[in-house]
$ cat query.cif   # mmCIF, C-alpha atoms
data_input
loop_
_atom_site.label_atom_id
_atom_site.label_comp_id
_atom_site.auth_asym_id
_atom_site.auth_seq_id
_atom_site.Cartn_x
_atom_site.Cartn_y
_atom_site.Cartn_z
CA MET I 1 5.55 -4.85 -3.01
CA LYS I 2 3.39 -6.34 -5.71
CA PHE I 3 -0.37 -5.98 -5.77
CA ASN I 4 -2.64 -8.79 -6.94
CA LEU I 5 -4.90 -7.96 -9.87
CA PRO I 6 -8.11 -8.25 -7.79
CA THR I 7 -6.86 -5.50 -5.47
CA LYS I 8 -8.99 -2.43 -6.10
CA PHE I 9 -8.30 -0.49 -2.92
CA VAL I 10 -5.29 0.54 -0.87
CA VAL I 11 -4.75 2.42 2.36
CA CYS I 12 -2.14 5.18 2.44
CA ILE I 13 0.63 4.66 5.01
CA ASN I 14 2.94 7.51 3.95
CA ASP I 15 2.22 10.87 2.31
CA ARG I 16 5.74 12.33 2.40
CA ASP I 17 6.19 14.68 -0.56
CA TYR I 18 2.48 14.32 -1.44
CA GLN I 19 0.63 15.94 1.51
CA ALA I 20 -1.61 17.95 -0.83
CA SER I 21 -2.68 14.83 -2.73
CA LEU I 22 -2.68 11.99 -0.19
CA GLU I 23 -3.88 11.47 3.35
CA VAL I 24 -2.37 8.86 5.69
CA ARG I 25 -4.89 6.16 6.78
CA LYS I 26 -7.28 7.06 3.95
CA ILE I 27 -8.57 4.39 1.56
CA TYR I 28 -8.01 5.00 -2.15
CA ARG I 29 -9.21 3.24 -5.28
CA ILE I 30 -6.48 2.08 -7.66
CA ILE I 31 -6.42 1.52 -11.40
CA PRO I 32 -4.40 -1.46 -12.69
CA ASP I 33 -1.30 -0.28 -14.55
CA ASN I 34 1.23 -3.01 -15.31
CA ARG I 35 3.77 -0.60 -16.78
CA ALA I 36 3.75 1.54 -13.64
CA ALA I 37 4.07 -1.60 -11.49
CA GLU I 38 7.29 -2.51 -13.33
CA HIS I 39 8.76 0.71 -11.89
CA GLN I 40 7.33 0.24 -8.35
CA PHE I 41 4.47 2.72 -8.80
CA ILE I 42 0.71 2.34 -8.64
CA ARG I 43 -2.03 4.44 -10.22
CA VAL I 44 -4.20 5.93 -7.48
CA ILE I 45 -7.30 8.12 -7.66
CA ASP I 46 -6.22 10.81 -5.19
CA GLU I 47 -7.80 13.79 -3.41
CA SER I 48 -8.16 15.67 -6.70
CA GLY I 49 -10.36 12.91 -8.14
CA GLU I 50 -7.79 12.26 -10.86
CA ASP I 51 -5.49 9.27 -11.17
CA TYR I 52 -1.75 9.72 -10.66
CA LEU I 53 1.25 7.49 -10.07
CA TYR I 54 2.60 7.15 -6.54
CA PRO I 55 5.32 4.95 -5.03
CA VAL I 56 3.92 1.52 -4.20
CA ALA I 57 5.67 1.65 -0.80
CA TYR I 58 3.24 4.41 0.28
CA PHE I 59 0.27 2.01 0.28
CA VAL I 60 -0.96 -1.32 1.61
CA PRO I 61 -3.54 -3.33 -0.37
CA ILE I 62 -6.85 -4.02 1.38
CA GLU I 63 -10.05 -5.92 0.65
CA LEU I 64 -13.39 -4.26 1.29
CA PRO I 65 -16.80 -5.88 1.72
CA LYS I 66 -18.90 -5.79 -1.47
CA ALA I 67 -21.40 -3.38 0.12
CA VAL I 68 -18.61 -0.85 0.69
CA GLU I 69 -17.22 -1.31 -2.83
CA LEU I 70 -20.68 -0.64 -4.26
CA GLY I 71 -20.93 2.57 -2.25
CA GLY I 72 -23.66 1.59 0.16
CA LEU I 73 -25.48 -1.21 1.89
CA GLY I 74 -27.30 -2.48 -1.17
CA ALA I 75 -30.46 -1.59 -3.07
CA GLY I 76 -32.73 -3.55 -0.73
CA LEU I 77 -31.99 -1.45 2.36
#
$ encode --input "query.cif" --output "structure tokens"
Amino acid sequence: MKFNLPTKFVVCINDRDYQASLEVRKIYRIIPDNRAAEHQFIRVIDESGEDYLYPVAYFVPIELPKAVELGGLGAGL
């Protein structure tokens, strides 16, 4: 699976071998890493708050509304 560059978030669909670091059905932010992508990995900010490489097959790319990406409903509310 290849992720488009605009993809900033993924949802975990498999945490096998990574139960301490990943949670199925949880949304994670990703960091673009072309070299990792060449080897079928993506760089994910996991439960520890650090970024690590995980198999791309463990995630599905998603799009979030801008308000969610910005961490709230906007400054005017």
$ resolve_selection --input "query.cif" --expression "the PyMOL selection byres ((chain I and resi 48) around 12)" --output "JSON, numbers by chain"
{"I": [18, 20, 21, 22, 23, 28, 44, 45, 46, 47, 49, 50, 51, 52]}
$ residues_around --input "query.cif" --residues "I:Phe9" --least-positions-apart "5" --cutoff "7 Å" --atoms "all atoms listed in the file" --output "list in words"
Ile27, Tyr28, Arg29, Ile30, Pro61, Ile62 and Glu63 of chain I
$ write_last_selection --input "query.cif" --atoms "C-alpha atoms" --output "PDB file, keeping the file's coordinate frame"
ATOM      1  CA  ILE I  27      -8.570   4.390   1.560  1.00  0.00           C
ATOM      2  CA  TYR I  28      -8.010   5.000  -2.150  1.00  0.00           C
ATOM      3  CA  ARG I  29      -9.210   3.240  -5.280  1.00  0.00           C
ATOM      4  CA  ILE I  30      -6.480   2.080  -7.660  1.00  0.00           C
ATOM      5  CA  PRO I  61      -3.540  -3.330  -0.370  1.00  0.00           C
ATOM      6  CA  ILE I  62      -6.850  -4.020   1.380  1.00  0.00           C
ATOM      7  CA  GLU I  63     -10.050  -5.920   0.650  1.00  0.00           C
TER       8      GLU I  63
END
$ atom_distance --input "query.cif" --atom1 "atom CA of I:Gln19" --atom2 "atom CA of I:Pro65"
27.9 Å
$ residues_around --input "query.cif" --residues "I:Val11" --least-positions-apart "4" --cutoff "6 Å" --atoms "only C-alpha atoms" --output "mmCIF file with C-alpha atoms, in the frame of the given file"
data_model
loop_
_atom_site.group_PDB
_atom_site.id
_atom_site.type_symbol
_atom_site.label_atom_id
_atom_site.label_comp_id
_atom_site.auth_asym_id
_atom_site.auth_seq_id
_atom_site.Cartn_x
_atom_site.Cartn_y
_atom_site.Cartn_z
ATOM 1 C CA ARG I 25 -4.890 6.160 6.780
ATOM 2 C CA LYS I 26 -7.280 7.060 3.950
ATOM 3 C CA ILE I 27 -8.570 4.390 1.560
ATOM 4 C CA PHE I 59 0.270 2.010 0.280
ATOM 5 C CA VAL I 60 -0.960 -1.320 1.610
#
$ atom_distance --input "query.cif" --atom1 "atom CA of I:Leu64" --atom2 "atom CA of I:Arg35"
25.2 Å
$ axis_aligned_box --input "query.cif" --around "stretch 51-64 of chain I" --padding-each-side "5 Å" --output "AutoDock Vina command-line options"
--center_x -3.9 --center_y 1.9 --center_z -4.8 --size_x 29.1 --size_y 25.6 --size_z 22.8
$ resolve_selection --input "query.cif" --expression "the PyMOL selection byres ((chain I and resi 39) around 12)" --output "tab-separated table (two decimals) with C-alpha atoms, in the frame of the given file"
chain	number	residue	atom	x	y	z
I	1	MET	CA	5.55	-4.85	-3.01
I	2	LYS	CA	3.39	-6.34	-5.71
I	33	ASP	CA	-1.30	-0.28	-14.55
I	34	ASN	CA	1.23	-3.01	-15.31
I	35	ARG	CA	3.77	-0.60	-16.78
I	36	ALA	CA	3.75	1.54	-13.64
I	37	ALA	CA	4.07	-1.60	-11.49
I	38	GLU	CA	7.29	-2.51	-13.33
I	40	GLN	CA	7.33	0.24	-8.35
I	41	PHE	CA	4.47	2.72	-8.80
I	42	ILE	CA	0.71	2.34	-8.64
I	43	ARG	CA	-2.03	4.44	-10.22
I	53	LEU	CA	1.25	7.49	-10.07
I	54	TYR	CA	2.60	7.15	-6.54
I	55	PRO	CA	5.32	4.95	-5.03
I	56	VAL	CA	3.92	1.52	-4.20
I	57	ALA	CA	5.67	1.65	-0.80
